[in-house]
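Engineer: I am attaching a structure below and will ask some questions about it afterwards.
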Amino acid sequence: MTQLRHRGKATLHDRLHRVRLSLGLAGQAGLAAGLSWVAAHDLLGNPEPVFAPISAVGTLAVSVGQRFRRTVELIVGVAVGVAVGDLLIYFLGTGPWQLGLVVTAAIVLTVFAGGSVAIVIQAAATAVLVVTLSPSVEHLEIPRFVDAIVGGGVALLVTAILLPLNPLRVLNRAARPALDLLAEQLDTAADGLREGDGEKIQRALDRLRDNKDELATFTEAIEGAKETAVLSPARWHRRSELTHYAAAADPIERAMRNSGTLIRRSVTLIEDAEPIPGAMPTAVGHLAEAVRLMKQEFAQGKEPEQARERAMRAVSEAGRAYAEGVGFSGSVVVAQVRTTASDLMVASGIGQEEANRLVRQHFGELERPGSPAGPEPAAKAPTAPPVG
């Protein structure tokens, strides 16, 4: 019963969280549906403008960042469906087999022309409406086409002018799952290295690999924020801040991939019973903290200086671990700490060359692991693991 109550509370919390996230979209869709009906019915004189609110809601329902494109696709799809439907009805009449033929022809034509899934769906749906309703409703084609234009246009109007979302707030919410995922799995890997627990690290690796949803949400939010910043005059002043986020998407994705290599090699390191210097899990833990600090500083609109400093601490600890002595997989872990830190530096707004220079600087010139203390003029310091 205790577990059941706990799960019930967690489920309720998740549901309420999803509701809060969708309130903005719900408000936009409701306003767009009402305004599109008024525009088509009262201003354009369509007695039954059913398709206008449907088009408006359909435009808003797609991923943010694709709404302008969706409006164009909606209109193109409707035009194709109307043309194919009218042409075949003129020559073949109406009926079940004609309906099937019209839908098939509309889909084949749009696919052949290279249309997206949205255009194919609209063309097929419009062809169905034309074939099934034409016998009872006269002059359906033009109102259907006009409704598509009205619905899509009103949806863009609501998005850009009447009820624009705060793009930074949208981005912060979308970036949080991806950055939390990365930080949590790096922390788990650091704990696994300290404890010598390969199974714990493997679980972190499995979870990090399953990151498609988090990355897709983050990428779509960036596209949506850029779209809002372009279309909405009220959000034009946010463009410079959005540029920071947009530039961070690719290096964050690279940081996830490189962290995956780091964690995978950590598993091999333990399986092969290689030495684990105390600085190695500390370095991985600093990477996790750098990701958290970046998330906080991005959300606050600050320059991510603390995140950069923590990433460089991770590199310094990796240098200590390398100096103490590591095996083959350990050297790969050290190299991936450097590479991931470089990715995080680039995500924070530093150029790639400067990020690599800082990584090399903080890694330092180290003595060969296991060599005697003291200067040896004839001996050269080992080449540090490469960045990237």
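The way I read the labels, and the way they are meant: chains A, B, ... in the order of the structure tokens, residue 1 as the first residue of every chain, and ligand 1 as the first ligand shown, with later ones counted on from there.
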So that I can see what lies close to region 309-313 of chain A, please list as a count of residues only the residues with an atom at most 8 Å from it, counting only C-alpha atoms and leaving out residues fewer than 5 positions away in the same chain.

Structural biologist: 11

Engineer: If you count only C-alpha atoms, which residues fall within 8 Å of region 259-265 of chain A, apart from same-chain ones fewer than 4 positions away, as number ranges by chain?

Structural biologist: A: 182, 186, 189, 201-202, 204-205, 208-209, 255, 269, 329-330, 332-333, 336-337, 340

Engineer: For the atom pair CA of Val50 (chain A) and CA of Ala113 (chain A), what is the interatomic distance in Å to one decimal place?

Structural biologist: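 Distance reported for this atom pair: 28.6 Å.
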
Engineer: As number ranges by chain, list the residues of region 240-364 of chain A assigned to alpha helix (DSSP H) by DSSP on the backbone atoms of this structure.

Structural biologist: A: 240-271, 279-299, 305-324, 328-347, 352-363

Engineer: Between A:Asp187, A:Met280, A:Asn172, A:Asn258, which has the minimum distance to Arg203 (chain A) (counting only C-alpha atoms)?

Structural biologist: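 Residue with the minimum atom-to-atom distance to Arg203 (chain A): A:Asp187.
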
Engineer: Just to confirm, what's the straight-line distance from CA of Ala247 (chain A) to CA of Val315 (chain A) in Å (one decimal)?

Structural biologist: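 Answer for the CA of Ala247 (chain A) to CA of Val315 (chain A) separation: 22.7 Å.
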
Engineer: For a quick check of understanding, using only C-alpha atoms, which of A:Thr110, A:Thr339, A:Asn46, A:Ser331 has the smallest distance to Gln122 (chain A)?

Structural biologist: A:Thr110

Engineer: Could you pull the residues within 10 Å of Leu293 (chain A), counting only C-alpha atoms, minus those fewer than 2 positions along the same chain, as a ChimeraX atom specification?

Structural biologist: /A:179,183,287-291,295-299,304-311

Engineer: Measuring atom to atom with only C-alpha atoms, identify which of A:Glu73, A:Asp147, A:Glu271, A:Asp191 is nearest to Ala123 (chain A).

Structural biologist: A:Glu73

Engineer: Give me the residues near Leu31 (chain A) as a list in words, where near means some atom within 8 Å (using only C-alpha atoms) and where sequence neighbours in that chain fewer than 4 positions away do not count.

Structural biologist: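 In the requested format, the answer is Gly27, Leu35 and Val158 of chain A.
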
Engineer: Take the residues from that selection and put them in a file with N, CA, C and O atoms, as a short mmCIF file (atom, residue, chain, number, x, y, z; two decimals), in the first residue's frame.

Structural biologist:
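Resulting contents of out.cif:
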data_model
loop_
_atom_site.label_atom_id
_atom_site.label_comp_id
_atom_site.auth_asym_id
_atom_site.auth_seq_id
_atom_site.Cartn_x
_atom_site.Cartn_y
_atom_site.Cartn_z
N GLY A 27 -4.13 27.12 -24.63
CA GLY A 27 -4.68 28.46 -24.78
C GLY A 27 -4.58 28.96 -26.21
O GLY A 27 -5.52 29.56 -26.75
N LEU A 35 -11.21 32.18 -33.18
CA LEU A 35 -11.00 33.27 -34.12
C LEU A 35 -11.14 32.80 -35.57
O LEU A 35 -11.65 33.54 -36.42
N VAL A 158 -2.08 33.98 -33.97
CA VAL A 158 -2.13 33.75 -32.53
C VAL A 158 -0.73 33.48 -31.99
O VAL A 158 -0.33 33.99 -30.94
#

Engineer: Between CA of Gly58 (chain A) and CA of Leu215 (chain A), what distance in Å does the model show, to one decimal?

Structural biologist: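 Rounded to one decimal, the two atoms are 23.7 Å apart.
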
Engineer: Ranking A:Lys212, A:Arg254, A:Arg144, A:Arg292 by minimum distance to Gln185 (chain A) and counting only C-alpha atoms, which one comes first?

Structural biologist: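 Closest to Gln185 (chain A), using only C-alpha atoms: A:Arg292.
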
Engineer: Between A:Arg173, A:Gly95, A:Ala318, A:Thr282, which has the minimum distance to Arg20 (chain A) (counting only C-alpha atoms)?

Structural biologist: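 Residue with the minimum atom-to-atom distance to Arg20 (chain A): A:Arg173.
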
Engineer: Measuring atom to atom with only C-alpha atoms, identify which of A:Ala39, A:Leu44, A:Ile89, A:Leu60 is nearest to Ser22 (chain A).

Structural biologist: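 Of A:Ala39, A:Leu44, A:Ile89, A:Leu60, the one nearest Ser22 (chain A), counting only C-alpha atoms, is A:Leu60.
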
Engineer: Can you pull out every residue within 7 Å of Val154 (chain A), counting only C-alpha atoms, but drop anything in the same chain fewer than 6 positions away, and send it as a list in words?

Structural biologist: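 Within the cut-off, the hits are Ala32, Leu35, Ser36 and Ala56 of chain A.
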
Engineer: For Val111 (chain A), list every protein, DNA or RNA residue within 9 Å, evaluated using only C-alpha atoms, and leave out those in the same chain fewer than 6 positions away; present the list as a ChimeraX atom specification.

Structural biologist: /A:117,119-120
